[in-house]
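Structure file start39.cif (mmCIF, C-alpha atoms) follows.
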```
data_structure
loop_
_atom_site.label_atom_id
_atom_site.label_comp_id
_atom_site.auth_asym_id
_atom_site.auth_seq_id
_atom_site.Cartn_x
_atom_site.Cartn_y
_atom_site.Cartn_z
CA PHE A 495 98.82 95.81 103.16
CA ILE A 496 98.72 98.83 100.87
CA TYR A 497 101.46 100.11 98.59
CA ARG A 498 102.42 103.71 99.27
CA GLU A 499 103.31 104.52 95.66
CA GLY A 500 101.16 104.41 92.57
CA PHE A 501 99.73 106.56 89.80
CA ALA A 502 97.58 109.65 89.64
CA ARG A 503 95.88 109.77 86.25
CA LEU A 504 95.11 113.15 84.74
CA SER A 505 93.34 114.45 81.66
CA SER A 506 95.53 116.04 79.00
CA GLU A 507 93.11 118.93 78.43
CA PRO A 508 91.70 121.52 80.90
CA TYR A 509 88.48 120.43 82.58
CA SER A 510 85.32 121.91 81.10
CA THR A 511 81.57 121.47 81.48
CA GLU A 512 80.76 123.44 78.34
CA GLN A 513 78.21 121.68 76.13
CA GLY A 514 80.64 121.50 73.22
CA ASP A 515 83.23 119.68 75.41
CA ILE A 516 80.96 116.98 76.87
CA SER A 517 81.96 114.40 74.27
CA ASN A 518 85.69 115.19 74.46
CA ARG A 519 87.23 112.04 75.96
CA PHE A 520 90.57 113.79 76.57
CA ILE A 521 88.81 116.09 79.05
CA HIS A 522 86.53 113.68 80.90
CA LEU A 523 88.35 110.31 80.86
CA THR A 524 91.74 109.85 82.50
CA ASN A 525 92.36 106.29 81.25
CA SER A 526 95.94 105.97 80.01
CA SER A 527 94.72 103.88 77.07
CA ILE A 528 92.79 106.96 75.90
CA GLN A 529 95.02 109.83 76.97
CA LYS A 530 98.10 108.39 75.27
CA TYR A 531 96.58 109.35 71.91
CA ASN A 532 96.57 113.01 72.89
CA VAL A 533 100.22 113.50 73.79
CA ASN A 534 100.57 116.94 75.32
CA SER A 535 104.18 118.01 74.70
CA VAL A 536 103.81 121.14 76.85
CA GLN A 537 102.67 119.03 79.79
CA GLN A 538 105.53 116.56 79.34
CA ARG A 539 108.13 119.34 79.19
CA SER A 540 106.70 120.84 82.35
CA LEU A 541 106.80 117.52 84.21
CA LYS A 542 110.36 116.73 83.15
CA ALA A 543 111.51 120.22 84.12
CA ASP A 544 110.04 119.56 87.55
CA GLY A 545 112.07 116.38 87.98
CA CYS A 546 109.30 113.90 87.14
CA LEU A 547 109.71 110.85 84.92
CA ALA A 548 107.66 110.86 81.74
CA GLY A 549 104.54 108.83 82.29
CA GLY A 550 102.13 110.03 79.64
CA SER A 551 99.11 111.45 81.47
CA LYS A 552 100.16 109.72 84.70
CA ILE A 553 102.19 111.08 87.58
CA SER A 554 103.44 109.28 90.67
CA LEU A 555 101.70 109.61 94.03
CA GLU A 556 104.97 110.95 95.40
CA TYR A 557 104.91 113.74 92.83
CA LEU A 558 101.23 114.41 93.53
CA ALA A 559 101.92 114.68 97.27
CA ARG A 560 104.72 117.14 96.60
CA LYS A 561 102.54 119.34 94.35
CA LEU A 562 99.63 119.32 96.82
CA LYS A 563 101.96 120.32 99.65
CA GLN A 564 103.34 123.18 97.57
CA ASN A 565 99.77 124.40 97.19
CA GLY A 566 99.03 124.16 100.91
CA LEU A 567 96.93 120.98 100.67
CA ASN A 568 97.12 118.02 103.05
CA PHE A 569 98.09 114.84 101.20
CA SER A 570 98.45 112.80 104.42
CA GLU A 571 94.81 113.41 105.32
CA MET A 572 93.70 112.48 101.80
CA TRP A 573 95.81 109.31 101.91
CA SER A 574 94.23 108.31 105.22
CA GLU A 575 90.78 108.64 103.63
CA ILE A 576 91.90 106.52 100.67
CA VAL A 577 93.06 103.82 103.10
CA GLU A 578 89.63 103.98 104.74
CA VAL A 579 87.95 103.48 101.34
CA VAL A 580 90.18 100.44 100.70
CA LEU A 581 89.43 98.91 104.11
CA LYS A 582 85.67 99.46 103.81
CA THR A 583 85.71 97.87 100.36
CA LEU A 584 87.61 94.82 101.57
CA TYR A 585 85.37 94.52 104.62
CA CYS A 586 82.24 94.51 102.45
CA THR A 587 83.62 91.88 100.10
CA GLN A 588 85.66 89.69 102.46
CA ASP A 589 83.08 86.88 102.42
CA ALA A 590 83.44 86.63 98.63
CA ILE A 591 87.27 86.48 98.73
CA PRO A 592 88.58 83.00 99.67
CA GLY A 593 91.12 83.07 102.47
CA HIS A 594 94.25 81.07 101.67
CA PRO A 595 97.20 81.49 104.08
CA ASN A 596 99.53 80.00 101.44
CA SER A 597 98.70 82.49 98.65
CA PHE A 598 98.25 86.21 97.98
CA GLU A 599 96.40 88.54 95.62
CA LEU A 600 97.32 91.96 94.29
CA PHE A 601 94.38 94.35 93.83
CA GLY A 602 94.40 97.70 92.02
CA PHE A 603 92.03 100.34 93.41
CA ASP A 604 90.81 103.12 91.12
CA VAL A 605 89.81 106.10 93.24
CA LEU A 606 88.42 109.44 92.10
CA ILE A 607 89.52 112.52 94.07
CA ASP A 608 87.01 115.37 93.98
CA ALA A 609 87.56 119.12 94.40
CA ASP A 610 87.41 118.73 98.21
CA LEU A 611 90.08 115.99 98.13
CA LYS A 612 87.47 113.40 99.07
CA PRO A 613 88.10 109.92 97.59
CA TRP A 614 85.39 107.97 95.77
CA LEU A 615 85.81 104.33 94.76
CA ILE A 616 85.42 103.72 91.01
CA GLU A 617 86.42 100.05 90.73
CA VAL A 618 88.78 97.37 91.98
CA ASN A 619 90.92 95.36 89.56
CA ALA A 620 92.07 91.86 90.43
CA SER A 621 95.64 91.31 89.21
CA PRO A 622 95.97 94.82 87.69
CA SER A 623 98.05 95.32 84.56
CA LEU A 624 101.79 95.46 85.17
CA ALA A 625 102.64 96.25 81.56
CA ARG A 626 105.23 99.01 81.21
CA GLU A 627 105.04 101.67 78.52
CA ASN A 628 107.18 104.51 79.85
CA GLU A 629 109.85 105.49 82.36
CA LEU A 630 107.39 105.97 85.20
CA ASP A 631 105.83 102.55 84.61
CA TYR A 632 109.23 100.89 84.88
CA ARG A 633 110.12 102.67 88.12
CA ILE A 634 106.85 102.10 89.96
CA LYS A 635 105.69 98.73 88.61
CA ASP A 636 109.11 97.10 88.92
CA ALA A 637 109.20 98.20 92.57
CA VAL A 638 105.67 96.87 93.16
CA VAL A 639 106.62 93.44 91.77
CA ARG A 640 109.85 93.34 93.79
CA ASP A 641 108.23 94.41 97.07
CA THR A 642 105.19 92.15 96.58
CA ILE A 643 107.36 89.07 96.10
CA GLN A 644 109.48 90.19 99.05
CA ILE A 645 106.48 90.65 101.34
CA ALA A 646 105.00 87.30 100.29
CA ALA A 647 108.36 85.81 101.28
CA ALA A 648 107.88 82.50 99.50
CA PRO A 649 110.80 80.30 100.68
CA ALA A 650 113.15 78.64 98.22
CA PHE A 651 112.92 74.85 98.13
CA ASP A 652 114.51 71.84 96.46
CA ARG A 653 112.04 70.84 93.72
CA ASP A 654 113.67 67.48 93.00
CA MET A 655 113.71 66.54 96.67
CA LEU A 656 110.05 67.54 97.03
CA ALA A 657 109.04 65.55 93.93
CA ASN A 658 110.82 62.47 95.24
CA LEU A 659 109.11 62.79 98.62
CA ILE A 660 105.67 63.11 97.00
CA ARG A 661 106.28 60.07 94.79
CA LYS A 662 107.39 58.08 97.82
CA LYS A 663 104.34 59.06 99.86
CA MET A 664 101.96 58.29 97.00
CA SER A 665 103.46 54.82 96.55
CA GLU A 666 103.13 53.95 100.23
CA LYS A 667 100.11 52.10 101.50
CA SER A 668 97.81 54.01 103.83
CA LYS A 669 98.72 53.45 107.46
CA GLY A 670 95.43 54.68 108.80
CA ARG A 671 93.75 58.02 109.30
CA TRP A 672 95.46 58.77 112.59
CA HIS A 673 98.98 57.76 111.61
CA VAL A 674 101.61 60.44 112.24
CA ASP A 675 104.77 60.42 110.12
CA LYS A 676 107.42 61.51 112.63
CA ASP A 677 110.06 61.87 109.89
CA LEU A 678 107.99 64.26 107.72
CA PRO A 679 108.85 67.54 109.56
CA ALA A 680 112.57 66.84 109.23
CA GLN A 681 112.17 65.97 105.54
CA ILE A 682 110.25 69.18 104.84
CA HIS A 683 112.84 71.15 106.81
CA GLN A 684 115.54 69.67 104.57
CA ILE A 685 113.53 70.47 101.40
CA LEU A 686 113.32 74.12 102.57
CA GLY A 687 117.06 74.26 103.09
CA GLY A 688 116.66 74.74 106.81
CA GLU A 689 114.54 77.89 106.41
CA THR A 690 111.29 78.35 108.34
CA PRO A 691 108.39 79.84 106.32
CA ARG A 692 106.76 82.97 107.72
CA GLN A 693 103.86 81.94 109.93
CA PHE A 694 100.29 83.08 109.30
CA GLY A 695 99.89 86.52 110.92
CA GLU A 696 103.64 87.04 111.32
CA MET A 697 104.91 90.39 110.05
CA PRO A 698 107.29 90.33 107.04
CA LYS A 699 110.91 91.08 107.77
CA ASP A 700 111.12 93.66 104.99
CA MET A 701 107.98 95.66 104.08
CA GLY A 702 109.54 97.56 101.18
CA ASN A 703 107.13 100.37 100.33
CA TYR A 704 104.13 98.57 101.79
CA GLU A 705 102.35 99.51 104.99
CA ARG A 706 100.03 97.31 107.02
CA ILE A 707 96.49 98.68 107.26
CA ALA A 708 94.79 95.73 108.99
CA PRO A 709 94.51 94.76 111.73
CA SER A 710 94.44 98.39 112.83
CA LYS A 711 92.41 100.90 114.79
CA MET A 712 90.64 101.99 111.59
CA TRP A 713 89.74 98.37 110.75
CA ASP A 714 88.32 97.89 114.26
CA GLU A 715 86.21 101.05 113.89
CA ILE A 716 84.79 99.79 110.57
CA GLN A 717 83.85 96.48 112.21
CA LYS A 718 82.14 98.29 115.09
CA LEU A 719 80.22 100.54 112.68
CA HIS A 720 79.00 97.52 110.71
CA SER A 721 77.92 95.69 113.87
CA LYS A 722 76.07 98.77 115.11
CA LYS A 723 74.14 99.12 111.85
CA MET A 724 73.32 95.41 111.73
CA ASN A 725 71.95 95.49 115.30
CA LYS A 726 69.54 98.28 114.32
CA LYS A 727 67.87 96.11 111.67
#
```
Would you encode the structure as structure tokens?
Amino acid sequence: FIYREGFARLSSEPYSTEQGDISNRFIHLTNSSIQKYNVNSVQQRSLKADGCLAGGSKISLEYLARKLKQNGLNFSEMWSEIVEVVLKTLYCTQDAIPGHPNSFELFGFDVLIDADLKPWLIEVNASPSLARENELDYRIKDAVVRDTIQIAAAPAFDRDMLANLIRKKMSEKSKGRWHVDKDLPAQIHQILGGETPRQFGEMPKDMGNYERIAPSKMWDEIQKLHSKKMNKK
């Protein structure tokens, strides 16, 4: 799954390749931790006048899409290429990421967009920072947390009842490797308050602002491309 909202990080000074500007971090680095020390009041006034929440040197992807469209540029095509970068990255690293059906991980992808709107992967952050420093952080990050918990759909359960069941099972003598406890499903059902957890591979009831990107046609094409290259070796 990929979240359809996020941040576009910008520099607070006009881009320049002049020799005297090479060491200017406010031109060449878009990190919020750096740009926040060069607060550009003109930029902030412009963003607020355009109906955008103050976010330091960051703007939302929704705002970026709107500005690109106003300038005749295709955000949808760029987004599709970003999704492809994400899928290729996950495909290349899937063997190093343990698969646990009962857990989830939130990754933050840093992608550079060049003058031709082509995305380039910079890095991937495991458990990216969800600290909030401004209005835009609160709006986007709060929504990410809410929708992530919602999509994970962890069922509520009776902790005391579960603890008692575990203690009981641990105190019982082993009845053999092949013994089946016929009462256990009903006990677990009661602990879960009658709710049935979402099965592995089952789509969430409410996706929020997430979209599913695998399995998909693009994912299948990446697999085929990898297999083709491997067969040539």
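The interatomic distance for the pair atom CA of A:Met572 and atom CA of A:Ala559 works out to 9.6 Å.
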Open item on the list: Translate the PyMOL selection byres ((chain A and resi 556) around 9) into a concrete residue list for this structure, as a VMD selection string.
Closed with: chain A and resid 498 to 501 553 to 555 557 to 561
TODO: Please measure the separation of atom CA of A:Glu575 and atom CA of A:Pro613, giving the value in Å to one decimal.
DONE: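 Separation between atom CA of A:Glu575 and atom CA of A:Pro613: 6.7 Å.
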Task: Neighbour list for A:Lys699 as a VMD selection string, cut-off 12 Å, only C-alpha atoms, skip fewer than 3 positions in-chain - done: chain A and resid 641 644 to 647 691 to 693 696 702 704
Open item on the list: Can you translate the PyMOL selection byres ((chain A and resi 520) around 10) into the concrete residues it hits in this file, as an MDAnalysis selection string?
Closed with: chainID A and resid 504:509 515 517:519 521:525 528:532
TODO: Show which residues sit within 8 Å of stretch 600-607 of chain A, as an MDAnalysis selection string. Count only C-alpha atoms, and ignore same-chain residues fewer than 3 positions away.
DONE: chainID A and resid 576 580 610:622
Show which residues sit within 8 Å of A:Tyr497, as a PDB file with C-alpha atoms, in the coordinates of the input. Count only C-alpha atoms, and ignore same-chain residues fewer than 6 positions away.
```pdb
ATOM      1  CA  VAL A 638     105.670  96.870  93.160  1.00  0.00           C
ATOM      2  CA  ASN A 703     107.130 100.370 100.330  1.00  0.00           C
ATOM      3  CA  TYR A 704     104.130  98.570 101.790  1.00  0.00           C
ATOM      4  CA  GLU A 705     102.350  99.510 104.990  1.00  0.00           C
TER       5      GLU A 705
END
```
Task: Interatomic distance, atom CA of A:Glu715 to atom CA of A:Phe569 (Å, one decimal) - done: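 About the pair atom CA of A:Glu715 and atom CA of A:Phe569: they are 22.2 Å apart.
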